[in-house]
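K.L.:
Take a look at final00.txt, compact mmCIF, C-alpha atoms:
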# COMPACT_ATOMS: atom_id res chain seq x y z
CA MET A 1 59.85 164.36 122.87
CA THR A 2 63.07 165.93 121.53
CA ALA A 3 66.41 164.14 121.39
CA GLU A 4 67.62 166.64 123.96
CA ALA A 5 65.11 165.27 126.41
CA LYS A 6 65.89 161.54 126.32
CA GLY A 7 67.23 161.50 129.85
CA LEU A 8 70.55 160.42 131.32
CA GLU A 9 73.36 158.24 129.99
CA SER A 10 73.35 154.72 131.45
CA SER A 11 76.36 155.38 133.66
CA ALA A 12 74.63 158.42 135.12
CA VAL A 13 71.44 156.42 135.71
CA ILE A 14 73.42 153.84 137.69
CA GLU A 15 75.28 156.55 139.56
CA ARG A 16 72.06 158.28 140.55
CA TYR A 17 69.76 155.36 141.27
CA PHE A 18 71.97 152.41 142.29
CA LEU A 19 71.91 152.81 146.06
CA GLU A 20 68.16 153.20 146.40
CA ASN A 21 67.58 150.13 144.21
CA ARG A 22 70.20 148.10 146.04
CA ALA A 23 68.21 148.88 149.16
CA ARG A 24 64.97 147.78 147.48
CA VAL A 25 66.43 144.39 146.56
CA ILE A 26 67.61 143.84 150.12
CA GLU A 27 64.16 144.87 151.40
CA ILE A 28 62.59 142.18 149.21
CA ALA A 29 65.11 139.62 150.44
CA ALA A 30 64.41 140.55 154.06
CA PHE A 31 60.67 140.38 153.39
CA ILE A 32 61.03 136.81 152.12
CA ASP A 33 63.24 135.91 155.10
CA ARG A 34 60.51 137.30 157.37
CA ILE A 35 57.93 135.05 155.74
CA ASP A 36 60.27 132.07 156.08
CA ARG A 37 60.67 132.70 159.81
CA ALA A 38 56.93 133.01 160.35
CA ALA A 39 54.55 130.16 161.09
CA GLY A 40 52.18 128.96 158.41
CA ALA A 41 52.32 128.11 154.73
CA LYS A 42 55.29 129.68 152.97
CA ASP A 43 54.83 129.65 149.24
CA SER A 44 51.20 129.20 148.31
CA ASP A 45 49.76 132.69 148.84
CA PHE A 46 48.64 134.02 145.44
CA ARG A 47 50.37 137.34 146.13
CA MET A 48 53.71 135.63 146.59
CA ILE A 49 53.21 133.56 143.45
CA SER A 50 52.62 136.82 141.56
CA LEU A 51 55.63 138.40 143.19
CA ARG A 52 57.86 135.54 142.06
CA LYS A 53 56.52 135.93 138.51
CA ALA A 54 57.40 139.62 138.64
CA VAL A 55 60.89 138.89 139.96
CA GLU A 56 61.44 136.48 137.06
CA VAL A 57 60.81 139.41 134.72
CA LEU A 58 63.68 141.28 136.37
CA LEU A 59 66.05 138.44 135.59
CA ASP A 60 65.06 137.56 132.04
CA GLY A 61 66.75 139.14 129.06
CA GLY A 62 63.73 141.05 127.80
CA GLY A 63 63.02 144.75 127.91
CA ASN A 64 59.94 146.71 128.94
CA LYS A 65 60.34 145.25 132.41
CA ALA A 66 58.14 147.63 134.38
CA ALA A 67 55.11 146.97 132.18
CA ARG A 68 55.71 143.22 132.17
CA ALA A 69 56.15 143.17 135.95
CA GLN A 70 52.81 144.99 136.22
CA LEU A 71 51.20 142.24 134.15
CA ALA A 72 52.41 139.63 136.64
CA PHE A 73 50.09 141.23 139.20
CA SER A 74 47.17 142.05 136.87
CA ASP A 75 43.73 140.56 136.33
CA LEU A 76 43.99 139.26 132.78
CA SER A 77 40.30 138.39 132.38
CA ALA A 78 38.02 140.50 130.20
CA GLU A 79 34.44 140.24 131.52
CA PRO A 80 32.99 142.43 134.30
CA ILE A 81 32.40 140.66 137.61
CA GLU A 82 28.77 140.15 138.66
CA SER A 83 28.90 142.32 141.78
CA ALA A 84 31.31 144.45 143.75
CA ALA A 85 29.09 144.56 146.84
CA GLY A 86 31.28 144.74 149.93
CA MET A 87 34.43 145.13 147.85
CA LYS A 88 36.35 148.39 147.90
CA GLY A 89 40.08 147.73 148.11
CA ALA A 90 42.52 145.88 145.89
CA CYS A 91 44.89 143.04 146.84
CA GLY A 92 47.84 144.08 144.69
CA ALA A 93 47.74 140.74 142.89
CA TRP A 94 45.11 138.79 140.99
CA LYS A 95 43.44 135.85 142.75
CA GLY A 96 42.77 134.32 139.35
CA ILE A 97 46.43 133.40 139.05
CA CYS A 98 45.56 130.31 141.10
CA ALA A 99 43.71 128.90 138.10
CA THR A 100 47.00 128.51 136.25
CA ALA A 101 49.44 128.05 139.13
CA ALA A 102 51.47 124.84 138.93
CA GLY A 103 51.45 124.06 142.67
CA ALA A 104 49.41 124.99 145.71
CA CYS A 105 47.80 128.42 145.53
CA SER A 106 45.74 130.04 148.26
CA THR A 107 43.65 133.20 148.38
CA SER A 108 41.99 132.62 151.73
CA ASP A 109 44.22 134.81 153.88
CA ALA A 110 43.86 137.96 151.78
CA SER A 111 41.63 140.66 153.25
CA CYS A 112 42.48 143.18 150.54
CA ASP A 113 41.18 145.80 152.97
CA ASN A 114 43.27 148.71 151.72
CA PRO A 115 40.94 151.01 149.80
CA GLU A 116 42.17 154.24 148.29
CA GLY A 117 40.27 157.24 147.04
CA MET B 1 57.50 178.21 137.29
CA ASN B 2 53.71 177.98 137.43
CA PHE B 3 52.23 174.54 137.98
CA ILE B 4 48.78 173.12 137.40
CA ASP B 5 47.90 170.09 139.53
CA PRO B 6 44.95 168.76 137.56
CA HIS B 7 43.87 166.09 140.04
CA ILE B 8 43.86 166.71 143.78
CA HIS B 9 41.24 166.27 146.52
CA MET B 10 41.47 169.40 148.62
CA VAL B 11 38.38 168.57 150.69
CA SER B 12 40.73 166.11 152.42
CA ARG B 13 43.64 168.52 152.81
CA THR B 14 44.47 171.35 155.17
CA THR B 15 44.66 175.06 154.57
CA ALA B 16 48.39 174.77 155.33
CA ASP B 17 48.61 172.54 152.24
CA TYR B 18 47.12 175.36 150.16
CA GLU B 19 49.78 177.70 151.50
CA ALA B 20 52.61 175.23 150.76
CA MET B 21 51.25 174.60 147.26
CA ALA B 22 51.06 178.32 146.53
CA LEU B 23 54.61 178.86 147.77
CA ALA B 24 55.79 176.00 145.53
CA GLY B 25 54.26 177.61 142.46
CA ILE B 26 50.99 175.72 142.06
CA ARG B 27 48.60 178.26 140.58
CA ALA B 28 45.62 176.19 139.44
CA ILE B 29 44.12 172.88 140.50
CA THR B 30 41.18 170.73 139.54
CA GLU B 31 39.36 168.52 142.01
CA PRO B 32 37.36 165.51 140.81
CA ALA B 33 34.44 164.27 142.88
CA PHE B 34 35.53 161.08 144.64
CA TRP B 35 34.95 158.58 147.43
CA ALA B 36 35.12 160.04 150.92
CA GLY B 37 36.47 156.84 152.49
CA TYR B 38 32.93 155.78 153.44
CA ASP B 39 29.70 155.35 151.49
CA ARG B 40 27.34 158.30 151.68
CA GLY B 41 23.84 157.35 152.71
CA SER B 42 21.72 159.56 150.51
CA ALA B 43 21.62 161.79 147.46
CA ALA B 44 21.44 164.72 149.88
CA GLY B 45 24.91 163.81 151.11
CA PHE B 46 26.21 164.13 147.57
CA ARG B 47 24.46 167.47 147.11
CA ASP B 48 26.30 168.80 150.15
CA TYR B 49 29.59 167.47 148.74
CA PHE B 50 29.01 169.05 145.34
CA GLU B 51 28.16 172.32 147.07
CA HIS B 52 31.46 172.08 148.95
CA LEU B 53 33.35 171.46 145.69
CA THR B 54 31.77 174.36 143.85
CA VAL B 55 31.54 177.01 146.57
CA PHE B 56 33.74 176.46 149.61
CA GLU B 57 36.92 175.08 148.01
CA PRO B 58 37.22 177.75 145.27
CA ALA B 59 36.95 180.40 147.98
CA ARG B 60 39.51 178.68 150.25
CA ALA B 61 41.94 178.29 147.35
CA ALA B 62 41.52 181.89 146.20
CA LYS B 63 42.88 183.15 149.50
CA PHE B 64 46.24 181.74 148.39
CA GLY B 65 46.04 182.84 144.77
CA ILE B 66 45.15 179.35 143.55
CA ARG B 67 42.35 178.92 141.02
CA HIS B 68 40.19 175.92 141.98
CA TYR B 69 38.07 173.99 139.49
CA CYS B 70 36.16 170.76 139.95
CA TRP B 71 34.53 167.77 138.27
CA ILE B 72 31.15 166.37 139.21
CA CYS B 73 29.96 162.74 139.39
CA LEU B 74 29.17 159.78 141.57
CA ASN B 75 32.47 157.91 141.93
CA PRO B 76 32.69 154.22 141.00
CA LYS B 77 33.20 153.02 144.58
CA GLU B 78 29.63 154.10 145.37
CA ALA B 79 28.15 152.80 142.13
CA GLU B 80 27.13 149.39 143.44
CA ASP B 81 23.97 150.91 144.99
CA PHE B 82 22.18 151.43 141.71
CA ALA B 83 19.10 153.18 143.16
CA LEU B 84 21.26 155.73 144.99
CA ALA B 85 23.34 156.24 141.87
CA ARG B 86 20.24 157.09 139.84
CA ASP B 87 19.16 159.65 142.46
CA VAL B 88 22.59 161.25 142.56
CA LEU B 89 22.86 161.44 138.79
CA GLU B 90 19.66 163.48 138.70
CA THR B 91 21.52 166.21 140.61
CA VAL B 92 24.71 166.11 138.52
CA PRO B 93 23.60 168.42 135.65
CA GLU B 94 22.66 171.18 138.10
CA PHE B 95 26.21 171.21 139.46
CA LEU B 96 27.84 170.83 136.05
CA ASP B 97 26.30 174.23 135.32
CA ARG B 98 28.34 175.83 138.11
CA PRO B 99 31.02 178.25 136.86
CA THR B 100 34.02 176.22 138.08
CA ALA B 101 32.76 172.74 137.11
CA LEU B 102 34.82 171.62 134.11
CA GLY B 103 33.13 168.32 133.33
CA VAL B 104 32.17 164.84 134.46
CA GLY B 105 34.63 163.07 136.74
CA GLU B 106 36.21 161.15 138.17
CA ILE B 107 34.05 158.44 136.69
CA GLY B 108 35.23 154.96 135.82
CA LEU B 109 35.45 151.59 137.51
CA ASN B 110 36.78 150.26 140.81
CA LYS B 111 36.30 146.47 140.91
CA ASN B 112 35.07 146.20 137.31
CA SER B 113 31.55 145.07 138.19
CA ARG B 114 28.41 145.18 136.05
CA ASN B 115 26.75 147.86 138.19
CA GLU B 116 29.88 150.01 138.09
CA LEU B 117 29.88 149.68 134.33
CA ALA B 118 26.18 150.59 134.11
CA VAL B 119 26.69 153.70 136.24
CA LEU B 120 29.74 154.64 134.15
CA GLU B 121 27.53 154.45 131.06
CA MET B 122 24.92 156.68 132.71
CA HIS B 123 27.63 159.29 133.28
CA LEU B 124 28.89 158.95 129.72
CA GLN B 125 25.34 159.56 128.49
CA ILE B 126 25.27 162.85 130.41
CA ALA B 127 28.71 163.82 129.13
CA ALA B 128 27.79 163.04 125.53
CA ALA B 129 24.49 164.91 125.72
CA ARG B 130 26.13 168.01 127.20
CA ASN B 131 29.45 167.77 125.34
CA GLU B 132 31.32 167.75 128.65
CA LEU B 133 34.98 167.00 129.23
CA VAL B 134 35.49 163.68 131.01
CA LEU B 135 38.03 162.73 133.68
CA VAL B 136 38.31 158.97 134.20
CA HIS B 137 39.46 157.09 137.29
CA THR B 138 41.01 153.74 136.45
CA PRO B 139 41.00 150.96 139.06
CA HIS B 140 43.81 150.27 141.48
CA LEU B 141 46.55 147.67 141.27
CA GLU B 142 45.48 144.28 139.87
CA ASP B 143 42.20 145.68 138.54
CA LYS B 144 43.76 148.50 136.51
CA LEU B 145 44.54 146.80 133.20
CA LYS B 146 41.15 145.12 132.79
CA GLY B 147 39.27 148.20 134.01
CA THR B 148 41.12 150.56 131.71
CA ARG B 149 40.18 148.42 128.71
CA LEU B 150 36.53 148.13 129.79
CA ILE B 151 36.34 151.90 130.28
CA MET B 152 37.86 152.74 126.91
CA ASP B 153 35.47 150.33 125.20
CA ALA B 154 32.50 151.95 126.95
CA ILE B 155 33.60 155.43 125.93
CA ARG B 156 34.00 154.30 122.34
CA ASN B 157 30.40 153.05 122.38
CA PHE B 158 29.22 156.58 123.25
CA ARG B 159 31.22 158.10 120.42
CA LEU B 160 32.83 160.65 122.74
CA ASP B 161 35.85 162.39 121.24
CA PRO B 162 38.85 160.75 122.99
CA ALA B 163 40.71 164.06 122.80
CA ARG B 164 38.18 165.36 125.34
CA VAL B 165 38.71 162.44 127.75
CA ILE B 166 41.61 161.99 130.17
CA ILE B 167 42.20 158.44 131.40
CA ASP B 168 43.88 158.97 134.75
CA HIS B 169 46.04 156.83 137.04
CA ALA B 170 47.77 155.28 134.02
CA GLU B 171 50.91 153.22 134.62
CA GLU B 172 53.48 151.39 132.52
CA HIS B 173 51.12 148.62 131.42
CA THR B 174 48.22 150.89 130.41
CA VAL B 175 49.63 154.17 129.16
CA GLY B 176 50.53 152.89 125.68
CA GLU B 177 47.01 151.60 124.93
CA ILE B 178 45.46 154.82 126.25
CA LEU B 179 47.54 157.04 124.00
CA ASP B 180 47.23 154.70 121.01
CA ARG B 181 43.44 155.02 121.24
CA GLY B 182 43.63 158.81 121.14
CA PHE B 183 42.88 159.58 124.78
CA TRP B 184 44.85 161.81 127.09
CA ALA B 185 46.71 159.92 129.82
CA GLY B 186 47.16 161.00 133.43
CA LEU B 187 50.03 159.75 135.60
CA THR B 188 49.40 159.88 139.33
CA LEU B 189 52.30 160.45 141.71
CA TYR B 190 51.32 158.39 144.72
CA PRO B 191 53.52 156.55 147.17
CA VAL B 192 53.49 152.74 146.93
CA SER B 193 50.37 152.14 144.87
CA LYS B 194 50.83 154.31 141.78
CA CYS B 195 53.81 156.09 140.12
CA SER B 196 56.86 157.43 141.88
CA PRO B 197 58.29 160.61 140.34
CA ALA B 198 61.14 158.54 138.85
CA ARG B 199 58.77 156.04 137.20
CA ALA B 200 56.52 158.80 135.91
CA VAL B 201 59.49 160.50 134.25
CA ASP B 202 60.55 157.11 132.85
CA ILE B 203 57.11 156.90 131.22
CA LEU B 204 57.54 160.39 129.74
CA GLU B 205 60.95 159.41 128.36
CA THR B 206 59.43 156.25 126.85
CA HIS B 207 56.10 157.55 125.53
CA GLY B 208 56.85 161.25 125.01
CA THR B 209 55.17 164.31 126.43
CA GLU B 210 52.18 164.64 124.11
CA LYS B 211 48.70 164.31 125.65
CA ILE B 212 50.04 163.40 129.10
CA TRP B 213 49.62 165.17 132.41
CA LEU B 214 50.97 164.42 135.88
CA ASN B 215 49.02 164.91 139.08
CA SER B 216 49.31 164.29 142.81
CA ALA B 217 45.78 162.98 143.46
CA ALA B 218 46.58 163.98 147.04
CA ASP B 219 43.67 163.03 149.30
CA TRP B 220 42.99 161.42 152.69
CA GLY B 221 45.50 158.64 152.04
CA VAL B 222 49.29 158.74 152.27
CA SER B 223 49.89 161.26 149.49
CA ASP B 224 51.73 164.47 148.72
CA PRO B 225 50.21 167.75 147.48
CA LEU B 226 53.68 168.83 146.30
CA ALA B 227 54.25 165.66 144.26
CA THR B 228 54.07 167.49 140.92
CA VAL B 229 56.76 169.91 142.02
CA LYS B 230 58.99 166.99 143.05
CA ALA B 231 58.44 165.22 139.73
CA ALA B 232 59.39 168.42 137.90
CA ASN B 233 62.59 168.42 139.89
CA GLU B 234 63.19 164.79 138.91
CA MET B 235 62.99 165.87 135.27
CA ARG B 236 65.34 168.77 135.97
CA MET B 237 67.89 166.48 137.65
CA ARG B 238 67.86 164.26 134.56
CA GLY B 239 68.66 167.18 132.32
CA HIS B 240 65.30 167.86 130.73
CA SER B 241 64.87 171.44 129.57
CA GLU B 242 62.79 174.00 131.43
CA GLU B 243 60.67 174.28 128.31
CA THR B 244 59.82 170.56 128.43
CA ILE B 245 59.14 170.69 132.17
CA HIS B 246 56.83 173.66 131.71
CA LYS B 247 55.00 171.83 128.94
CA VAL B 248 54.38 168.78 131.15
CA PHE B 249 53.35 170.59 134.32
CA HIS B 250 51.58 173.62 132.91
CA ASP B 251 50.94 173.67 129.18
CA ASN B 252 49.63 170.12 128.79
CA PRO B 253 46.98 170.37 131.50
CA ALA B 254 46.13 173.88 130.29
CA VAL B 255 45.56 172.57 126.76
CA PHE B 256 43.29 169.74 127.90
CA LEU B 257 41.39 171.78 130.47
CA GLY B 258 41.20 174.75 128.09
CA GLN B 259 38.77 172.76 125.99
CA SER B 260 36.27 173.95 128.58
CA PRO B 261 35.51 177.66 128.20
CA LYS B 262 35.25 177.85 131.99
CA PHE B 263 38.98 177.17 132.47
CA LYS B 264 40.97 180.41 132.69
CA GLY B 265 44.45 178.93 133.12
Go ahead and express the file in the form of structure tokens.
P.N.:
Amino acid sequence: MTAEAKGLESSAVIERYFLENRARVIEIAAFIDRIDRAAGAKDSDFRMISLRKAVEVLLDGGGNKAARAQLAFSDLSAEPIESAAGMKGACGAWKGICATAAGACSTSDASCDNPEG
Amino acid sequence: MNFIDPHIHMVSRTTADYEAMALAGIRAITEPAFWAGYDRGSAAGFRDYFEHLTVFEPARAAKFGIRHYCWICLNPKEAEDFALARDVLETVPEFLDRPTALGVGEIGLNKNSRNELAVLEMHLQIAAARNELVLVHTPHLEDKLKGTRLIMDAIRNFRLDPARVIIDHAEEHTVGEILDRGFWAGLTLYPVSKCSPARAVDILETHGTEKIWLNSAADWGVSDPLATVKAANEMRMRGHSEETIHKVFHDNPAVFLGQSPKFKG
């Protein structure tokens, strides 16, 4: 890629993308508020544990944040699973995170019934 | 500007979509064989689908001045039924001989299971024996990183030239490894579950524009057959040159697809 094609200056990036990302942060906050208002366990769902890991990436001082946030949701094992019978969709987060989670971690409420083509 | 959308599932789209795509400048498309949203019950069902891909869709597209090409395979979501997969794979070479079939695809993995991997290897055997181009589907969401690595390892075992393989649905955490191993990388513009136009252009700015294509993968889900045109506009708004935009949305796919003598641009 040429130097001409590096993209915008940082001030222009903020100018162009700030409002939509402000809205995204508030959406996440409202999503968490919605969970807090709802009945049932609050913090133990494996998807929420992964989400918190991804949010930590946003706040640390490191770069390459999009790739590292992706890793917070990813299956980090290496071996194929024995069977995918009856499985089509993905959850958006890895159930295996419960093996290393410090506190309670639950996968029982996840249907993962959202297959794509 | 003329666009190529190298991954789109027109069997799931309307004729009005063809018209909108033509008006937006999309001149050529390629359609990988994929999952219909339900499991087909027999090899005959796949034969009908392959017939649709190689006869009906090219004719429907031609009415709008769009050249339609396709890829043939049994997709990974239907690979768990190993007996059915074997039956379907017996029909694949016949359809690869069709004049608009560019290669084997979209093969790959979905949940990264042993049967999926075995069926992927059966496809790779066909591709290697026939020297076919390969279009790879990588798994969704949490399964993508692991599946992408398993797929690239399997391809390496068949000694296929990575320059003739596109690993599609790449995202921030997989694109670097794909390119480092010599493959082409595809970025899919798909609401919520894959790349937005802004993130796809971020990836181009980070990893460069060599051996990368962008596609809509528009299908029966929430998706957009004009996504490539919108991503081109994202590049334009950021100040990228028309030459660079043309390279990403026309020249790059033309270079990869042009490795098949059947592709006429």
K.L.:
Select all residues from chain B having any atom no more than 9 Å from an atom of chain A (counting all atoms listed in the file, ignoring ligands), output as number ranges by chain.
P.N.:
B: 34-37, 77, 80-81, 110-117, 139-147, 149-150, 171-174, 193, 199, 201-202, 204-210, 217, 219-221, 235, 238-241, 244
K.L.:
Work out how far apart atom CA of B:Cys195 and atom CA of A:Ile35 are and give it in Å to one decimal.
P.N.:
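Atom-to-atom, atom CA of B:Cys195 to atom CA of A:Ile35, that is 26.5 Å.
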K.L.:
Under the rule that all atoms listed in the file are counted, which of B:Leu160, B:Ala59, B:Ile212, B:Leu257 is the nearest residue to B:Ala129?
P.N.:
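Checking each of B:Leu160, B:Ala59, B:Ile212, B:Leu257 against B:Ala129, counting all atoms listed in the file, the winner is B:Leu160.
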K.L.:
Smallest atom-to-atom distance to A:Ile49: which of A:Thr100, A:Asn114, A:Ser108, A:Asn21, using only C-alpha atoms?
P.N.:
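Looking at the shortest contact to A:Ile49, the residue is A:Thr100.
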K.L.:
When you draw a straight line from atom CA of B:Ala127 to atom CA of B:Ala44, how long is it in Å?
P.N.:
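Interatomic distance, atom CA of B:Ala127 to atom CA of B:Ala44: 22.0 Å.
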K.L.:
One decimal, Å: what's the distance from atom CA of A:Ile28 over to atom CA of A:Lys42, could you say?
P.N.:
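These two atoms are separated by 15.0 Å.
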K.L.:
When you look at B:Phe263 with a cut-off of 10 Å (counting all atoms listed in the file), what residues show up, excluding the ones that are within fewer than 6 positions of it in the same chain? I need them as a ChimeraX atom specification.
P.N.:
/B:28,30,67-69,99-102,254-257
K.L.:
Just checking: using only C-alpha atoms, which residue out of B:Glu177, B:Arg60, B:Phe46, B:Ala163 ends up closest to B:Ile72?
P.N.:
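Counting only C-alpha atoms, the residue closest to B:Ile72 is B:Phe46.
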K.L.:
Would you kindly return, as a list of chain:residue names, each protein, DNA or RNA residue with an atom no farther than 7 Å from any atom of B:Phe183, considering only C-alpha atoms and excluding same-chain residues fewer than 3 positions away?
P.N.:
B:Pro162, B:Ala163, B:Val165, B:Ile166, B:Ile167, B:Ile178, B:Leu179
K.L.:
Find the residues with any atom within 10 Å of (53.8, 132.9, 145.2); use all atoms listed in the file and the coordinates as given in the file, and write the answer as a list in words.
P.N.:
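The residues that fall inside the cut-off are Lys42, Asp43, Ser44, Asp45, Phe46, Arg47, Met48, Ile49, Ser50, Leu51, Arg52, Lys53, Ile97, Cys98, Ala101, Gly103, Ala104, Cys105 and Ser106 of chain A.
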K.L.:
Identify which of the residues B:Ser42, B:Thr148, B:Thr138, B:Asn75 lies closest to B:Met122, counting all atoms listed in the file when measuring atom-to-atom distances.
P.N.:
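Of B:Ser42, B:Thr148, B:Thr138, B:Asn75, the one nearest B:Met122 is B:Asn75, counting all atoms listed in the file.
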